[in-house]
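Visitor: Pasting a structure below so you can have a look.
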Amino acid sequence: MEQTHKIKKINLICAKGAIEDVYATLILGNGAVMEGIETNIFFTFFGLDAIIKSRMDKLHTAVIGNPALRLPGGLRMPTLLGIIPGMESFTSWMMMGEMAKLDIPPVSEFLDLINAGGGKIYACKIAMDMFKLKKEDLCENVIDILTVGEFYERAGGEDSHIIFT
Amino acid sequence: MEQTHKIKKINLICAKGAIEDVYATLILGNGAVMEGIETNIFFTFFGLDAIIKSRMDKLHTAVIGNPALRLPGGLRMPTLLGIIPGMESFTSWMMMGEMAKLDIPPVSEFLDLINAGGGKIYACKIAMDMFKLKKEDLCENVIDILTVGEFYERAGGEDSHIIFT
Amino acid sequence: MEQTHKIKKINLICAKGAIEDVYATLILGNGAVMEGIETNIFFTFFGLDAIIKSRMDKLHTAVIGNPALRLPGGLRMPTLLGIIPGMESFTSWMMMGEMAKLDIPPVSEFLDLINAGGGKIYACKIAMDMFKLKKEDLCENVIDILTVGEFYERAGGEDSHIIFT
């Protein structure tokens, strides 16, 4: 069945702004581009951080509220530890380091890569308005600001999938 | 391709109960209804809060565990600040205010709107049982309580998409 | 329309490791298997905890960062309470108890069930590398470690859906 109905289009909606949420989106988006699949990424709500020039390469990981987070060595990080000032920055820095070792680029370069491969990057209009953001706050790779209705129009098509990360 | 395979059905699964999660669902649901797309919204786990009469208009935002949350002015909110009692209520109130300015209605009215436009609202049976909830705890707009299997049956169809927010 | 285009395949991506995220995946996966739908589950990022032998039956719930979490009796749990040492273990234990009462099995047994019903369980290669995990760390039910591209190949097909939980 895969032979006759391969995936033709992937539409990602990135609504959260923690490192792990944004990277899940970018890895799925880049994977699709590399498979020759038409790819749209729509950033909304807190996910907008990933396309805001001044913020995109300074994302943080959620040290609190993620009970699956572990310290080096594999022990679960106690919740109490997460509120120590600096812990979030430290964990974020460590996580980015692990990704760099695997040749996963920083957010801005990752978006360049996806864009170069033909992936299209959009911002969500209502979230832009809510956070009082302007087009010039966004990185160059964002080709348009869309309403939800416009997103649905672009997301249609045979063998198309919507993935909300 | 969009011309021949426009999206015909959107099935949203809302499993989280923070303001931002519920509103992502409602905005995507309402956007679909406004595009004339058949729309089903299935509330489950903590997402049930959005259709429980006594809770739906008192949702909170997650001030901790969301490293992308910012204070007015755009500075990141330090994790430590999030544990101050009242901070969560204050941030939630501020966020609802921003949405009201954009004419985004409170949850109960938003569901009325989606319902009036033909969107169908369901609750998840297993989550209702887990949280010991009864039909009468839910708002009027909920038309049925479905098992996961029944949800899949309603979610099928050509050019149908499932979005888990 | 459901008659001619029933759902034929469900592909779940589980990227988070809290009890509620993993169980949302397993309940949707098992529901699909029980409906006779072809089912793939792809565990990635923190979701890997659900298929790591030493961790899968010791998942925790997120007591902080989930403003919809409630104490027995239905009152919202104050954020401050969540940092008390032991609170996360207590809440997790309580939640698992509620699920056991509904005959929802522990993670390892739930995966056995899904596997016995024909559901296929995969791990994500890039996340395995990032967390320095090896095949032998994973439970027996995991049949393969896939790249994102390989996942997309298996996820294709008519009336197939991707759900990112």
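In the structure tokens, the first chain shown is A, the next is B, and so on; residue numbers restart at 1 for each chain, and ligands run from 1 in the order shown.
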When you get a sec, could you note down which chain B residues fall within 10 Å of chain C, using only C-alpha atoms, as a ChimeraX atom specification?
Guide: /B:13,15-19,44-50,55,59-66,82-88,126-127,129-132,147-165
Visitor: Output the selection as a short mmCIF file (atom, residue, chain, number, x, y, z; two decimals), in the first residue's frame - N, CA and C atoms for each residue.
Guide:
```cif
data_model
loop_
_atom_site.label_atom_id
_atom_site.label_comp_id
_atom_site.auth_asym_id
_atom_site.auth_seq_id
_atom_site.Cartn_x
_atom_site.Cartn_y
_atom_site.Cartn_z
N ILE B 13 -8.15 16.25 18.85
CA ILE B 13 -8.14 15.58 20.16
C ILE B 13 -7.46 16.54 21.12
N ALA B 15 -6.16 16.96 24.76
CA ALA B 15 -5.85 16.13 25.93
C ALA B 15 -5.23 16.92 27.07
N LYS B 16 -4.99 18.21 26.86
CA LYS B 16 -4.36 19.01 27.93
C LYS B 16 -5.28 20.16 28.31
N GLY B 17 -5.13 20.65 29.54
CA GLY B 17 -6.10 21.58 30.04
C GLY B 17 -5.60 22.99 30.31
N ALA B 18 -4.37 23.31 29.92
CA ALA B 18 -3.89 24.68 30.10
C ALA B 18 -4.54 25.58 29.05
N ILE B 19 -4.67 26.87 29.37
CA ILE B 19 -5.30 27.83 28.45
C ILE B 19 -4.75 27.67 27.04
N THR B 44 -10.32 14.84 26.04
CA THR B 44 -9.92 13.69 26.85
C THR B 44 -8.90 14.11 27.92
N PHE B 45 -8.57 13.21 28.82
CA PHE B 45 -7.63 13.49 29.92
C PHE B 45 -7.87 14.91 30.49
N PHE B 46 -6.80 15.66 30.71
CA PHE B 46 -6.94 16.98 31.33
C PHE B 46 -7.68 17.97 30.44
N GLY B 47 -7.78 17.66 29.16
CA GLY B 47 -8.53 18.51 28.23
C GLY B 47 -10.00 18.58 28.57
N LEU B 48 -10.48 17.59 29.33
CA LEU B 48 -11.89 17.58 29.75
C LEU B 48 -12.27 18.86 30.50
N ASP B 49 -11.29 19.47 31.18
CA ASP B 49 -11.57 20.71 31.91
C ASP B 49 -12.27 21.75 31.03
N ALA B 50 -12.00 21.72 29.74
CA ALA B 50 -12.56 22.71 28.82
C ALA B 50 -14.05 22.53 28.57
N ARG B 55 -15.52 24.41 35.37
CA ARG B 55 -14.09 24.70 35.18
C ARG B 55 -13.76 25.42 33.89
N LEU B 59 -9.83 28.24 33.27
CA LEU B 59 -8.58 27.54 32.93
C LEU B 59 -7.39 28.41 33.30
N HIS B 60 -6.27 27.77 33.55
CA HIS B 60 -5.05 28.49 33.87
C HIS B 60 -3.98 28.23 32.81
N THR B 61 -3.00 29.10 32.77
CA THR B 61 -1.87 28.86 31.89
C THR B 61 -0.76 28.21 32.71
N ALA B 62 0.14 27.53 32.06
CA ALA B 62 1.23 26.87 32.77
C ALA B 62 2.39 27.85 32.90
N VAL B 63 2.56 28.43 34.09
CA VAL B 63 3.65 29.41 34.26
C VAL B 63 4.97 28.71 34.50
N ILE B 64 4.91 27.47 34.94
CA ILE B 64 6.13 26.70 35.15
C ILE B 64 6.13 25.58 34.14
N GLY B 65 7.28 25.25 33.62
CA GLY B 65 7.36 24.17 32.65
C GLY B 65 7.17 24.67 31.23
N ASN B 66 7.01 25.97 31.07
CA ASN B 66 6.96 26.56 29.73
C ASN B 66 8.06 27.61 29.63
N GLY B 82 7.75 31.66 38.90
CA GLY B 82 6.51 30.92 38.66
C GLY B 82 5.92 30.28 39.89
N ILE B 83 6.74 30.07 40.90
CA ILE B 83 6.19 29.40 42.09
C ILE B 83 5.60 30.38 43.09
N ILE B 84 5.77 31.68 42.84
CA ILE B 84 5.15 32.67 43.73
C ILE B 84 3.63 32.49 43.67
N PRO B 85 3.00 32.33 44.83
CA PRO B 85 1.53 32.13 44.81
C PRO B 85 0.86 33.32 44.11
N GLY B 86 -0.09 33.05 43.25
CA GLY B 86 -0.80 34.12 42.56
C GLY B 86 -0.25 34.41 41.19
N MET B 87 0.98 33.98 40.95
CA MET B 87 1.62 34.28 39.66
C MET B 87 0.86 33.61 38.51
N GLU B 88 0.41 32.39 38.76
CA GLU B 88 -0.29 31.64 37.72
C GLU B 88 -1.64 32.30 37.40
N ILE B 126 -13.18 6.85 28.55
CA ILE B 126 -12.23 6.31 29.53
C ILE B 126 -11.71 7.41 30.46
N ALA B 127 -11.55 8.62 29.93
CA ALA B 127 -11.09 9.74 30.77
C ALA B 127 -12.19 10.17 31.73
N ASP B 129 -14.39 8.21 33.05
CA ASP B 129 -14.37 7.19 34.10
C ASP B 129 -13.19 7.41 35.05
N MET B 130 -12.03 7.69 34.47
CA MET B 130 -10.83 7.86 35.28
C MET B 130 -10.98 9.00 36.28
N PHE B 131 -11.57 10.10 35.81
CA PHE B 131 -11.76 11.26 36.69
C PHE B 131 -13.13 11.25 37.40
N LYS B 132 -13.85 10.14 37.27
CA LYS B 132 -15.16 9.98 37.93
C LYS B 132 -16.12 11.12 37.59
N THR B 147 -16.07 6.12 23.10
CA THR B 147 -14.86 5.34 23.32
C THR B 147 -13.86 5.73 22.22
N VAL B 148 -12.62 5.31 22.40
CA VAL B 148 -11.61 5.61 21.38
C VAL B 148 -12.01 5.00 20.03
N GLY B 149 -12.54 3.79 20.09
CA GLY B 149 -12.97 3.11 18.86
C GLY B 149 -14.06 3.91 18.13
N GLU B 150 -15.02 4.41 18.91
CA GLU B 150 -16.10 5.21 18.30
C GLU B 150 -15.55 6.51 17.72
N PHE B 151 -14.54 7.07 18.39
CA PHE B 151 -13.91 8.27 17.84
C PHE B 151 -13.29 7.97 16.48
N TYR B 152 -12.54 6.85 16.40
CA TYR B 152 -11.91 6.51 15.12
C TYR B 152 -12.96 6.33 14.02
N GLU B 153 -14.11 5.74 14.39
CA GLU B 153 -15.16 5.55 13.38
C GLU B 153 -15.65 6.89 12.83
N ARG B 154 -15.83 7.86 13.73
CA ARG B 154 -16.29 9.17 13.29
C ARG B 154 -15.19 9.96 12.56
N ALA B 155 -13.94 9.62 12.83
CA ALA B 155 -12.82 10.39 12.28
C ALA B 155 -12.44 9.97 10.86
N GLY B 156 -12.95 8.83 10.42
CA GLY B 156 -12.60 8.36 9.09
C GLY B 156 -13.19 9.21 7.98
N GLY B 157 -12.82 8.92 6.75
CA GLY B 157 -13.36 9.65 5.61
C GLY B 157 -12.25 10.18 4.73
N GLU B 158 -12.58 10.42 3.48
CA GLU B 158 -11.59 10.92 2.53
C GLU B 158 -11.18 12.34 2.93
N ASP B 159 -9.92 12.65 2.81
CA ASP B 159 -9.39 13.98 3.12
C ASP B 159 -9.75 14.42 4.53
N SER B 160 -9.69 13.46 5.44
CA SER B 160 -9.92 13.72 6.86
C SER B 160 -8.57 13.74 7.57
N HIS B 161 -8.45 14.59 8.57
CA HIS B 161 -7.19 14.70 9.32
C HIS B 161 -7.46 14.64 10.82
N ILE B 162 -6.56 13.97 11.55
CA ILE B 162 -6.63 13.94 13.01
C ILE B 162 -5.52 14.85 13.55
N ILE B 163 -5.87 15.77 14.43
CA ILE B 163 -4.87 16.67 15.03
C ILE B 163 -4.94 16.53 16.55
N PHE B 164 -3.88 16.07 17.16
CA PHE B 164 -3.80 15.90 18.62
C PHE B 164 -3.06 17.12 19.17
N THR B 165 -3.75 17.97 19.91
CA THR B 165 -3.11 19.23 20.33
C THR B 165 -2.44 19.10 21.70
#
```
Visitor: Let's see if you can do this: from backbone DSSP, list all strand (DSSP E or B) residues in segment 8-73 of chain A, as a list of chain:residue names.
Guide: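 So, restricting segment 8-73 of chain A to strand (DSSP E or B), we get A:Lys9, A:Ile10, A:Asn11, A:Leu12, A:Ile13, A:Cys14, A:Glu38, A:Thr39, A:Asn40, A:Ile41, A:Phe42, A:Phe43, A:Ile52, A:Arg70.
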Visitor: Please, what distance in Å, to one decimal, runs between atom CA of Gly117 of chain C and atom CA of Met56 of chain C?
Guide: 19.8 Å
Visitor: One decimal, in Å: what's the spacing between atom CA of Leu26 of chain A and atom CA of Ile114 of chain A?
Guide: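 The value is 8.1 Å.
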